[in-house]
Amino acid sequence: MVLHFRNISLLLTPGFKRNYSQELIKNGLVGMVGRTPMVRLNKLSDETKCEILAKAEMCNGGGSVKDRAAYFLIRDALQKGQLKPGGTIVEGTAGNTGIGLAHMCLAMGFKCVIFMPNNQSQEKIDLLKTLGAKVTSVPVCPWDDPNNYNHHAKRFADSLENSVWTNQFDNRANRQAHIETTGPEIWTETSGKVNAVVFGTGTGGTLSGVSTFLKEKNPKVHAVLADPQGSALYNYFKHGKLERSPGDSITEGIGQGRVTENLKGAPIDDAFAVMDVDAVNMTFRLLHEEGLFVGASTGLNVFAAYKLAKQMGAGHTIVTCLCDTGHRYYAKLYKKEVLKTRGLLDNMPEIYQQYLH
C-alpha cells in the first residue's frame with residue numbers, strides 16, 4: 001500500500017540524511033496510517049494460557065482504528081474522480097471516522113464537514129472543531145428515518161460543488177482498508193499463527209476486511225463479532241433476526257440495527273453479546289493491570305477476546321484491537337455520576353473506582 005503523494009520525496013527534503021532508513025520514516029500524517037504495534041495483554045494471556053493480542057490502533061496518526069478507513073475513503077473518492085483539490089469531504093460519523101477524516105483533510109488540503117448523532121462525547125465534538133471540521137449534531141434517529149445523521153450528510157454533500165459523501169457504512173473502500181492493511185499486519189505479526197480474531201462492529205469494515213483476508217490465508221481462522229447491548233447484530237448472526245437487544249450502550253461507534261454493505265457477505269463464524277457492565281469493567285481492568293487508558297469499545301473487544309480464549313482453551317492466539325484512548329471519553333466513561341446513573345458503578349470492583357472523577 002502506497003500512502004504518500006508522488007510529488008513528495010523525503011530524499012529532497014533539506015537536511016535529510018541519506019543514511020537514514022526510509023522504512024523507519026513516515027511520510028507525513030498519511031504515512032502514519034497502519035503498521036500499528038501488536039501488544040500482548042499480559043495478565044489476560046497468562047490467566048487464560050492463550051496469547052491475547054491487540055493492535056494498538058491509537059498509534060495511527062489520528063489516534064484511532066478509523067484512520068485506516070478515513071484514508072481509504074478519501075483515496076477511493078480521488079481514484080473515482082469524485083473529488084478535486086480543495087474539495088469538501090462530508091461524513092456521518094459517531095466521532096472517530098470524522099476525526100480521522102479531519103486529520104486527513106488538513107494534511108491533504110480538503111475541507112471537512114461532519115454530521116453526528118447528539119449522544120456522542122463532548123471530547124470528540126471539541127476535537128473535531130479544533131481540527132477545523134464543521135460539526136452539526138442532530139437527534140438520534142434510526143437509519144430508515146430521513147433525519148438520520150447519515151442522510152443529513154448525503155443531502156449536504158449533494159448540495160455542494162466538488163464535494164463527496166464518503167459513506168463509511170456502505171462504501172466498501174472501508175472494508176478494503178482492512179483487507180490491504182490490518183489483515184496482512186495481523187498475519188505477519190503473528191507469523192501466521194493467529195487462530196481467531198474478534199472485533200466490535202459499527203460499519204463492519206474492520207471485522208469483514210480482516211476476516212476476509214485471514215481466511216484466504218487460513219480458512220480455519222475463527223472470526224467473531226462482539227456486539228454491545230442495544231444492537232441487533234448478535235441476534236442477526238445467531239438467530240437470523242434483526243432484533244435489537246434490550247437497552248442502550250455506553251460504548252460509542254459500535255452496534256448496528258442493519259447489515260451494512262461492508263458487513264454483507266463477511267465470513268463471520270460466531271457472535272458474542274457483551275453487556276456494558278462487562279465492557280466497562282474490562283476497560284478499567286486494562287487500566288489497572290496493563291496501564292492501558294482506553295475507551296469502552298476497546299473494553300468490549302478485549303472482554304470478547306478473553307471470553308473466546310476461555311472458550312477455545314489454552315494454546316490459542318486471539319487478536320483484537322485497542323480502538324482509541326480513554327481521553328475521548330473522559331467526561332463520560334470515567335465519571336462516577338455517569339456510571340452510577342447507568343447502573344454500572346455498583347457492579348464495578350471498588351479498586352477500579354479510584355480512577356473515576
# chains A, B, ... in the order shown; residues from 1 in each chain; ligands from 1

$ residues_around --residues "Val274 (chain A)" --least-positions-apart "2" --cutoff "9 Å" --atoms "only C-alpha atoms" --output "PDB file with all heavy atoms, in the first residue's frame"
ATOM      1  N   ALA A 226     -18.283  -9.051  18.173  1.00  0.00           N
ATOM      2  CA  ALA A 226     -18.640  -8.678  19.543  1.00  0.00           C
ATOM      3  C   ALA A 226     -19.651  -7.539  19.472  1.00  0.00           C
ATOM      4  O   ALA A 226     -19.370  -6.494  18.879  1.00  0.00           O
ATOM      5  CB  ALA A 226     -17.399  -8.246  20.319  1.00  0.00           C
ATOM      6  N   ASP A 227     -20.814  -7.733  20.061  1.00  0.00           N
ATOM      7  CA  ASP A 227     -21.917  -6.786  19.884  1.00  0.00           C
ATOM      8  C   ASP A 227     -22.368  -6.190  21.215  1.00  0.00           C
ATOM      9  O   ASP A 227     -22.604  -6.931  22.179  1.00  0.00           O
ATOM     10  CB  ASP A 227     -23.104  -7.512  19.230  1.00  0.00           C
ATOM     11  CG  ASP A 227     -23.963  -6.598  18.387  1.00  0.00           C
ATOM     12  OD1 ASP A 227     -23.413  -5.654  17.789  1.00  0.00           O
ATOM     13  OD2 ASP A 227     -25.182  -6.848  18.299  1.00  0.00           O
ATOM     14  N   PRO A 228     -22.491  -4.874  21.307  1.00  0.00           N
ATOM     15  CA  PRO A 228     -22.940  -4.258  22.558  1.00  0.00           C
ATOM     16  C   PRO A 228     -24.441  -4.391  22.752  1.00  0.00           C
ATOM     17  O   PRO A 228     -25.187  -4.675  21.806  1.00  0.00           O
ATOM     18  CB  PRO A 228     -22.553  -2.787  22.375  1.00  0.00           C
ATOM     19  CG  PRO A 228     -22.652  -2.573  20.904  1.00  0.00           C
ATOM     20  CD  PRO A 228     -22.187  -3.867  20.269  1.00  0.00           C
ATOM     21  N   GLN A 229     -24.874  -4.182  23.979  1.00  0.00           N
ATOM     22  CA  GLN A 229     -26.309  -4.202  24.258  1.00  0.00           C
ATOM     23  C   GLN A 229     -26.996  -3.099  23.461  1.00  0.00           C
ATOM     24  O   GLN A 229     -26.418  -2.050  23.177  1.00  0.00           O
ATOM     25  CB  GLN A 229     -26.556  -4.012  25.747  1.00  0.00           C
ATOM     26  CG  GLN A 229     -26.069  -2.702  26.332  1.00  0.00           C
ATOM     27  CD  GLN A 229     -26.136  -2.685  27.849  1.00  0.00           C
ATOM     28  OE1 GLN A 229     -25.645  -3.578  28.525  1.00  0.00           O
ATOM     29  NE2 GLN A 229     -26.766  -1.641  28.393  1.00  0.00           N
ATOM     30  N   PHE A 272     -20.785 -12.722  19.904  1.00  0.00           N
ATOM     31  CA  PHE A 272     -20.982 -12.612  21.345  1.00  0.00           C
ATOM     32  C   PHE A 272     -21.766 -11.343  21.646  1.00  0.00           C
ATOM     33  O   PHE A 272     -21.497 -10.291  21.059  1.00  0.00           O
ATOM     34  CB  PHE A 272     -19.646 -12.510  22.092  1.00  0.00           C
ATOM     35  CG  PHE A 272     -18.787 -13.738  22.062  1.00  0.00           C
ATOM     36  CD1 PHE A 272     -17.426 -13.649  22.312  1.00  0.00           C
ATOM     37  CD2 PHE A 272     -19.322 -14.992  21.802  1.00  0.00           C
ATOM     38  CE1 PHE A 272     -16.615 -14.771  22.304  1.00  0.00           C
ATOM     39  CE2 PHE A 272     -18.526 -16.131  21.785  1.00  0.00           C
ATOM     40  CZ  PHE A 272     -17.168 -16.016  22.042  1.00  0.00           C
ATOM     41  N   ASP A 276     -22.781  -3.948  28.934  1.00  0.00           N
ATOM     42  CA  ASP A 276     -21.972  -2.793  29.326  1.00  0.00           C
ATOM     43  C   ASP A 276     -21.157  -3.055  30.583  1.00  0.00           C
ATOM     44  O   ASP A 276     -20.010  -2.607  30.695  1.00  0.00           O
ATOM     45  CB  ASP A 276     -22.876  -1.571  29.556  1.00  0.00           C
ATOM     46  CG  ASP A 276     -23.116  -0.776  28.288  1.00  0.00           C
ATOM     47  OD1 ASP A 276     -22.670  -1.216  27.202  1.00  0.00           O
ATOM     48  OD2 ASP A 276     -23.767   0.282  28.369  1.00  0.00           O
ATOM     49  N   VAL A 277     -21.735  -3.756  31.543  1.00  0.00           N
ATOM     50  CA  VAL A 277     -21.014  -3.997  32.794  1.00  0.00           C
ATOM     51  C   VAL A 277     -19.715  -4.744  32.523  1.00  0.00           C
ATOM     52  O   VAL A 277     -18.669  -4.452  33.137  1.00  0.00           O
ATOM     53  CB  VAL A 277     -21.905  -4.746  33.814  1.00  0.00           C
ATOM     54  CG1 VAL A 277     -22.313  -6.127  33.294  1.00  0.00           C
ATOM     55  CG2 VAL A 277     -21.200  -4.871  35.162  1.00  0.00           C
ATOM     56  N   ASP A 278     -19.729  -5.680  31.591  1.00  0.00           N
ATOM     57  CA  ASP A 278     -18.523  -6.435  31.264  1.00  0.00           C
ATOM     58  C   ASP A 278     -17.535  -5.599  30.458  1.00  0.00           C
ATOM     59  O   ASP A 278     -16.324  -5.661  30.681  1.00  0.00           O
ATOM     60  CB  ASP A 278     -18.886  -7.707  30.498  1.00  0.00           C
ATOM     61  CG  ASP A 278     -19.699  -8.679  31.344  1.00  0.00           C
ATOM     62  OD1 ASP A 278     -19.354  -8.868  32.524  1.00  0.00           O
ATOM     63  OD2 ASP A 278     -20.689  -9.227  30.824  1.00  0.00           O
ATOM     64  N   ALA A 279     -18.051  -4.816  29.515  1.00  0.00           N
ATOM     65  CA  ALA A 279     -17.178  -3.959  28.710  1.00  0.00           C
ATOM     66  C   ALA A 279     -16.505  -2.901  29.577  1.00  0.00           C
ATOM     67  O   ALA A 279     -15.296  -2.646  29.453  1.00  0.00           O
ATOM     68  CB  ALA A 279     -17.980  -3.290  27.592  1.00  0.00           C
ATOM     69  N   LEU A 300     -14.980  -3.679  25.350  1.00  0.00           N
ATOM     70  CA  LEU A 300     -15.852  -4.693  24.747  1.00  0.00           C
ATOM     71  C   LEU A 300     -15.033  -5.672  23.908  1.00  0.00           C
ATOM     72  O   LEU A 300     -15.209  -6.889  24.011  1.00  0.00           O
ATOM     73  CB  LEU A 300     -16.916  -4.008  23.897  1.00  0.00           C
ATOM     74  CG  LEU A 300     -17.873  -4.919  23.127  1.00  0.00           C
ATOM     75  CD1 LEU A 300     -19.304  -4.404  23.215  1.00  0.00           C
ATOM     76  CD2 LEU A 300     -17.453  -5.024  21.654  1.00  0.00           C
ATOM     77  N   ASN A 301     -14.137  -5.152  23.068  1.00  0.00           N
ATOM     78  CA  ASN A 301     -13.299  -6.026  22.244  1.00  0.00           C
ATOM     79  C   ASN A 301     -12.501  -7.003  23.089  1.00  0.00           C
ATOM     80  O   ASN A 301     -12.449  -8.209  22.806  1.00  0.00           O
ATOM     81  CB  ASN A 301     -12.311  -5.176  21.423  1.00  0.00           C
ATOM     82  CG  ASN A 301     -12.907  -4.615  20.158  1.00  0.00           C
ATOM     83  OD1 ASN A 301     -14.001  -4.975  19.740  1.00  0.00           O
ATOM     84  ND2 ASN A 301     -12.181  -3.708  19.527  1.00  0.00           N
ATOM     85  N   PHE A 303     -12.909  -7.882  26.296  1.00  0.00           N
ATOM     86  CA  PHE A 303     -13.729  -8.832  27.040  1.00  0.00           C
ATOM     87  C   PHE A 303     -14.126  -9.999  26.141  1.00  0.00           C
ATOM     88  O   PHE A 303     -14.088 -11.169  26.553  1.00  0.00           O
ATOM     89  CB  PHE A 303     -14.989  -8.175  27.608  1.00  0.00           C
ATOM     90  CG  PHE A 303     -15.881  -9.161  28.319  1.00  0.00           C
ATOM     91  CD1 PHE A 303     -15.633  -9.514  29.636  1.00  0.00           C
ATOM     92  CD2 PHE A 303     -16.953  -9.760  27.668  1.00  0.00           C
ATOM     93  CE1 PHE A 303     -16.431 -10.458  30.289  1.00  0.00           C
ATOM     94  CE2 PHE A 303     -17.750 -10.697  28.303  1.00  0.00           C
ATOM     95  CZ  PHE A 303     -17.492 -11.042  29.632  1.00  0.00           C
ATOM     96  N   ALA A 304     -14.512  -9.691  24.903  1.00  0.00           N
ATOM     97  CA  ALA A 304     -14.894 -10.749  23.966  1.00  0.00           C
ATOM     98  C   ALA A 304     -13.709 -11.657  23.647  1.00  0.00           C
ATOM     99  O   ALA A 304     -13.863 -12.879  23.540  1.00  0.00           O
ATOM    100  CB  ALA A 304     -15.459 -10.135  22.689  1.00  0.00           C
TER     101      ALA A 304
END

$ residues_around --residues "Pro267 (chain A)" --least-positions-apart "6" --cutoff "7 Å" --atoms "only C-alpha atoms" --output "list in words"
Ser208, Ser211 and Thr212 of chain A

$ write_last_selection --atoms "all heavy atoms" --output "PDB file, in the first residue's frame"
ATOM      1  N   SER A 208     -15.022  -7.446   8.787  1.00  0.00           N
ATOM      2  CA  SER A 208     -15.197  -8.083   7.484  1.00  0.00           C
ATOM      3  C   SER A 208     -13.895  -8.079   6.692  1.00  0.00           C
ATOM      4  O   SER A 208     -13.540  -9.086   6.063  1.00  0.00           O
ATOM      5  CB  SER A 208     -16.310  -7.400   6.687  1.00  0.00           C
ATOM      6  OG  SER A 208     -16.018  -6.028   6.479  1.00  0.00           O
ATOM      7  N   SER A 211     -11.262 -10.500   8.502  1.00  0.00           N
ATOM      8  CA  SER A 211     -11.637 -11.912   8.376  1.00  0.00           C
ATOM      9  C   SER A 211     -11.543 -12.385   6.931  1.00  0.00           C
ATOM     10  O   SER A 211     -11.138 -13.527   6.662  1.00  0.00           O
ATOM     11  CB  SER A 211     -13.045 -12.149   8.929  1.00  0.00           C
ATOM     12  OG  SER A 211     -14.016 -11.378   8.248  1.00  0.00           O
ATOM     13  N   THR A 212     -11.888 -11.535   5.976  1.00  0.00           N
ATOM     14  CA  THR A 212     -11.770 -11.897   4.562  1.00  0.00           C
ATOM     15  C   THR A 212     -10.324 -12.216   4.204  1.00  0.00           C
ATOM     16  O   THR A 212     -10.034 -13.245   3.570  1.00  0.00           O
ATOM     17  CB  THR A 212     -12.297 -10.759   3.668  1.00  0.00           C
ATOM     18  OG1 THR A 212     -13.701 -10.587   3.907  1.00  0.00           O
ATOM     19  CG2 THR A 212     -12.074 -11.073   2.191  1.00  0.00           C
TER      20      THR A 212
END

$ residues_around --residues "Thr130 (chain A)" --least-positions-apart "2" --cutoff "12 Å" --atoms "only C-alpha atoms" --output "PyMOL selection string"
chain A and resi 99+102-103+106+112+123-128+132-135

$ atom_distance --atom1 "CA of Phe199 (chain A)" --atom2 "CA of Ser45 (chain A)"
17.4 Å

$ residues_around --residues "Leu233 (chain A)" --least-positions-apart "4" --cutoff "12 Å" --atoms "only C-alpha atoms" --output "ChimeraX atom specification"
/A:200-204,224-229,237-245,254-260,263-264,268,270-274

$ write_last_selection --atoms "N, CA, C and O atoms" --output "short mmCIF file (atom, residue, chain, number, x, y, z; two decimals), in the first residue's frame"
data_model
loop_
_atom_site.label_atom_id
_atom_site.label_comp_id
_atom_site.auth_asym_id
_atom_site.auth_seq_id
_atom_site.Cartn_x
_atom_site.Cartn_y
_atom_site.Cartn_z
N GLY A 200 -15.66 -5.57 17.77
CA GLY A 200 -16.96 -4.92 17.74
C GLY A 200 -17.18 -4.34 16.36
O GLY A 200 -16.22 -4.08 15.62
N THR A 201 -18.44 -4.11 16.01
CA THR A 201 -18.76 -3.70 14.64
C THR A 201 -19.75 -2.55 14.62
O THR A 201 -20.79 -2.61 15.27
N GLY A 202 -19.39 -1.51 13.86
CA GLY A 202 -20.31 -0.41 13.59
C GLY A 202 -20.58 -0.37 12.10
O GLY A 202 -21.66 -0.71 11.62
N THR A 203 -19.55 -0.02 11.32
CA THR A 203 -19.68 -0.07 9.86
C THR A 203 -19.51 -1.49 9.35
O THR A 203 -20.02 -1.83 8.29
N GLY A 204 -18.75 -2.31 10.08
CA GLY A 204 -18.45 -3.66 9.63
C GLY A 204 -17.13 -3.78 8.90
O GLY A 204 -16.70 -4.88 8.56
N VAL A 224 -15.07 -13.65 14.98
CA VAL A 224 -16.17 -13.46 15.93
C VAL A 224 -16.55 -11.99 16.02
O VAL A 224 -15.68 -11.11 16.14
N LEU A 225 -17.84 -11.72 15.97
CA LEU A 225 -18.38 -10.38 16.13
C LEU A 225 -18.74 -10.16 17.60
O LEU A 225 -19.42 -10.99 18.21
N ALA A 226 -18.28 -9.05 18.17
CA ALA A 226 -18.64 -8.68 19.54
C ALA A 226 -19.65 -7.54 19.47
O ALA A 226 -19.37 -6.49 18.88
N ASP A 227 -20.81 -7.73 20.06
CA ASP A 227 -21.92 -6.79 19.88
C ASP A 227 -22.37 -6.19 21.22
O ASP A 227 -22.60 -6.93 22.18
N PRO A 228 -22.49 -4.87 21.31
CA PRO A 228 -22.94 -4.26 22.56
C PRO A 228 -24.44 -4.39 22.75
O PRO A 228 -25.19 -4.68 21.81
N GLN A 229 -24.87 -4.18 23.98
CA GLN A 229 -26.31 -4.20 24.26
C GLN A 229 -27.00 -3.10 23.46
O GLN A 229 -26.42 -2.05 23.18
N PHE A 237 -26.79 -12.63 13.58
CA PHE A 237 -25.84 -13.70 13.27
C PHE A 237 -26.13 -15.00 14.02
O PHE A 237 -25.79 -16.09 13.53
N LYS A 238 -26.77 -14.91 15.17
CA LYS A 238 -27.08 -16.11 15.94
C LYS A 238 -28.45 -16.69 15.60
O LYS A 238 -28.64 -17.92 15.63
N HIS A 239 -29.41 -15.83 15.30
CA HIS A 239 -30.79 -16.29 15.13
C HIS A 239 -31.44 -15.85 13.81
O HIS A 239 -32.61 -16.18 13.58
N GLY A 240 -30.71 -15.09 12.99
CA GLY A 240 -31.25 -14.69 11.71
C GLY A 240 -32.29 -13.59 11.77
O GLY A 240 -33.02 -13.38 10.79
N LYS A 241 -32.36 -12.89 12.90
CA LYS A 241 -33.37 -11.83 13.06
C LYS A 241 -32.69 -10.52 13.42
O LYS A 241 -31.87 -10.47 14.34
N LEU A 242 -33.03 -9.45 12.70
CA LEU A 242 -32.50 -8.13 13.03
C LEU A 242 -33.34 -7.51 14.14
O LEU A 242 -34.13 -6.58 13.92
N GLU A 243 -33.16 -8.02 15.34
CA GLU A 243 -33.89 -7.53 16.51
C GLU A 243 -32.88 -7.00 17.52
O GLU A 243 -31.96 -7.72 17.92
N ARG A 244 -33.07 -5.77 17.93
CA ARG A 244 -32.15 -5.18 18.90
C ARG A 244 -32.31 -5.84 20.27
O ARG A 244 -33.42 -6.16 20.69
N SER A 245 -31.19 -6.02 20.95
CA SER A 245 -31.23 -6.49 22.34
C SER A 245 -31.65 -5.34 23.23
O SER A 245 -31.57 -4.17 22.83
N ILE A 254 -20.01 1.62 17.84
CA ILE A 254 -20.23 0.21 17.51
C ILE A 254 -21.68 -0.14 17.82
O ILE A 254 -22.38 0.59 18.52
N GLY A 255 -22.11 -1.30 17.31
CA GLY A 255 -23.52 -1.66 17.39
C GLY A 255 -24.23 -1.15 16.16
O GLY A 255 -23.86 -0.12 15.58
N GLN A 256 -25.26 -1.87 15.74
CA GLN A 256 -25.91 -1.53 14.47
C GLN A 256 -27.29 -2.17 14.42
O GLN A 256 -27.53 -3.22 15.03
N GLY A 257 -28.20 -1.51 13.70
CA GLY A 257 -29.54 -2.04 13.55
C GLY A 257 -29.80 -2.61 12.17
O GLY A 257 -30.92 -3.03 11.87
N ARG A 258 -28.77 -2.62 11.32
CA ARG A 258 -28.92 -3.13 9.96
C ARG A 258 -27.61 -3.79 9.53
O ARG A 258 -26.59 -3.66 10.19
N VAL A 259 -27.68 -4.51 8.42
CA VAL A 259 -26.48 -5.11 7.86
C VAL A 259 -25.96 -4.18 6.78
O VAL A 259 -26.58 -4.00 5.73
N THR A 260 -24.82 -3.55 7.03
CA THR A 260 -24.25 -2.60 6.08
C THR A 260 -23.65 -3.33 4.88
O THR A 260 -23.42 -4.54 4.92
N LEU A 263 -20.56 -5.10 5.79
CA LEU A 263 -20.71 -6.33 6.57
C LEU A 263 -21.30 -7.48 5.76
O LEU A 263 -21.09 -8.65 6.10
N LYS A 264 -22.01 -7.14 4.69
CA LYS A 264 -22.65 -8.19 3.89
C LYS A 264 -21.63 -9.18 3.35
O LYS A 264 -20.60 -8.79 2.79
N ILE A 268 -18.14 -14.50 8.91
CA ILE A 268 -18.19 -14.47 10.38
C ILE A 268 -18.68 -15.81 10.91
O ILE A 268 -19.68 -16.35 10.44
N ASP A 270 -19.07 -16.58 14.45
CA ASP A 270 -19.82 -16.56 15.69
C ASP A 270 -20.01 -15.12 16.14
O ASP A 270 -19.38 -14.20 15.59
N ALA A 271 -20.86 -14.93 17.13
CA ALA A 271 -21.10 -13.59 17.68
C ALA A 271 -21.30 -13.70 19.18
O ALA A 271 -21.88 -14.67 19.67
N PHE A 272 -20.78 -12.72 19.90
CA PHE A 272 -20.98 -12.61 21.35
C PHE A 272 -21.77 -11.34 21.65
O PHE A 272 -21.50 -10.29 21.06
N ALA A 273 -22.71 -11.43 22.55
CA ALA A 273 -23.37 -10.25 23.09
C ALA A 273 -22.61 -9.85 24.35
O ALA A 273 -22.42 -10.66 25.25
N VAL A 274 -22.16 -8.60 24.40
CA VAL A 274 -21.37 -8.12 25.53
C VAL A 274 -22.15 -7.02 26.24
O VAL A 274 -22.47 -5.99 25.64
#

$ closest_residue --among "A:Val39, A:Met58, A:Val30, A:Ile52" --to "Leu101 (chain A)" --atoms "only C-alpha atoms"
A:Val30

$ select_by_dssp --residues "region 27-58 of chain A" --states "strand (DSSP E)" --output "count of residues only"
9

$ closest_residue --among "A:Val33, A:Val65, A:Leu292, A:Val194" --to "Cys323 (chain A)" --atoms "only C-alpha atoms"
A:Val65

$ closest_residue --among "A:Gln120, A:Ile179, A:Gly87, A:Pro184" --to "Ala157 (chain A)" --atoms "only C-alpha atoms"
A:Gly87

$ residues_around --residues "Ala69 (chain A)" --least-positions-apart "5" --cutoff "8 Å" --atoms "only C-alpha atoms" --output "short mmCIF file (atom, residue, chain, number, x, y, z; two decimals) with N, CA, C and O atoms, in the first residue's frame"
data_model
loop_
_atom_site.label_atom_id
_atom_site.label_comp_id
_atom_site.auth_asym_id
_atom_site.auth_seq_id
_atom_site.Cartn_x
_atom_site.Cartn_y
_atom_site.Cartn_z
N THR A 97 -14.28 8.16 12.88
CA THR A 97 -14.06 8.29 11.44
C THR A 97 -13.97 9.77 11.07
O THR A 97 -13.12 10.16 10.26
N GLN A 168 -19.15 5.95 4.94
CA GLN A 168 -18.33 4.92 5.56
C GLN A 168 -19.05 3.59 5.80
O GLN A 168 -18.42 2.52 5.79
N ALA A 173 -14.74 0.68 0.27
CA ALA A 173 -13.36 1.12 0.46
C ALA A 173 -12.97 0.99 1.92
O ALA A 173 -11.79 0.77 2.24
N ASN A 174 -13.93 1.12 2.80
CA ASN A 174 -13.72 0.91 4.25
C ASN A 174 -13.24 -0.51 4.50
O ASN A 174 -12.20 -0.74 5.14
N ARG A 175 -13.97 -1.46 3.99
CA ARG A 175 -13.59 -2.87 4.13
C ARG A 175 -12.23 -3.15 3.50
O ARG A 175 -11.39 -3.87 4.07
N ALA A 177 -9.73 -1.25 3.26
CA ALA A 177 -8.65 -0.76 4.11
C ALA A 177 -8.09 -1.87 4.98
O ALA A 177 -6.87 -1.99 5.18
N HIS A 178 -8.96 -2.72 5.47
CA HIS A 178 -8.53 -3.77 6.39
C HIS A 178 -8.10 -5.04 5.65
O HIS A 178 -7.33 -5.84 6.20
N GLY A 205 -16.47 -2.66 8.65
CA GLY A 205 -15.26 -2.67 7.85
C GLY A 205 -14.11 -3.46 8.44
O GLY A 205 -13.46 -4.25 7.74
#

$ closest_residue --among "A:Ala56, A:Ile351, A:Val140, A:Met116" --to "Glu185 (chain A)" --atoms "only C-alpha atoms"
A:Ala56

$ select_by_dssp --residues "region 213-330 of chain A" --states "alpha helix (DSSP H)" --output "count of residues only"
40
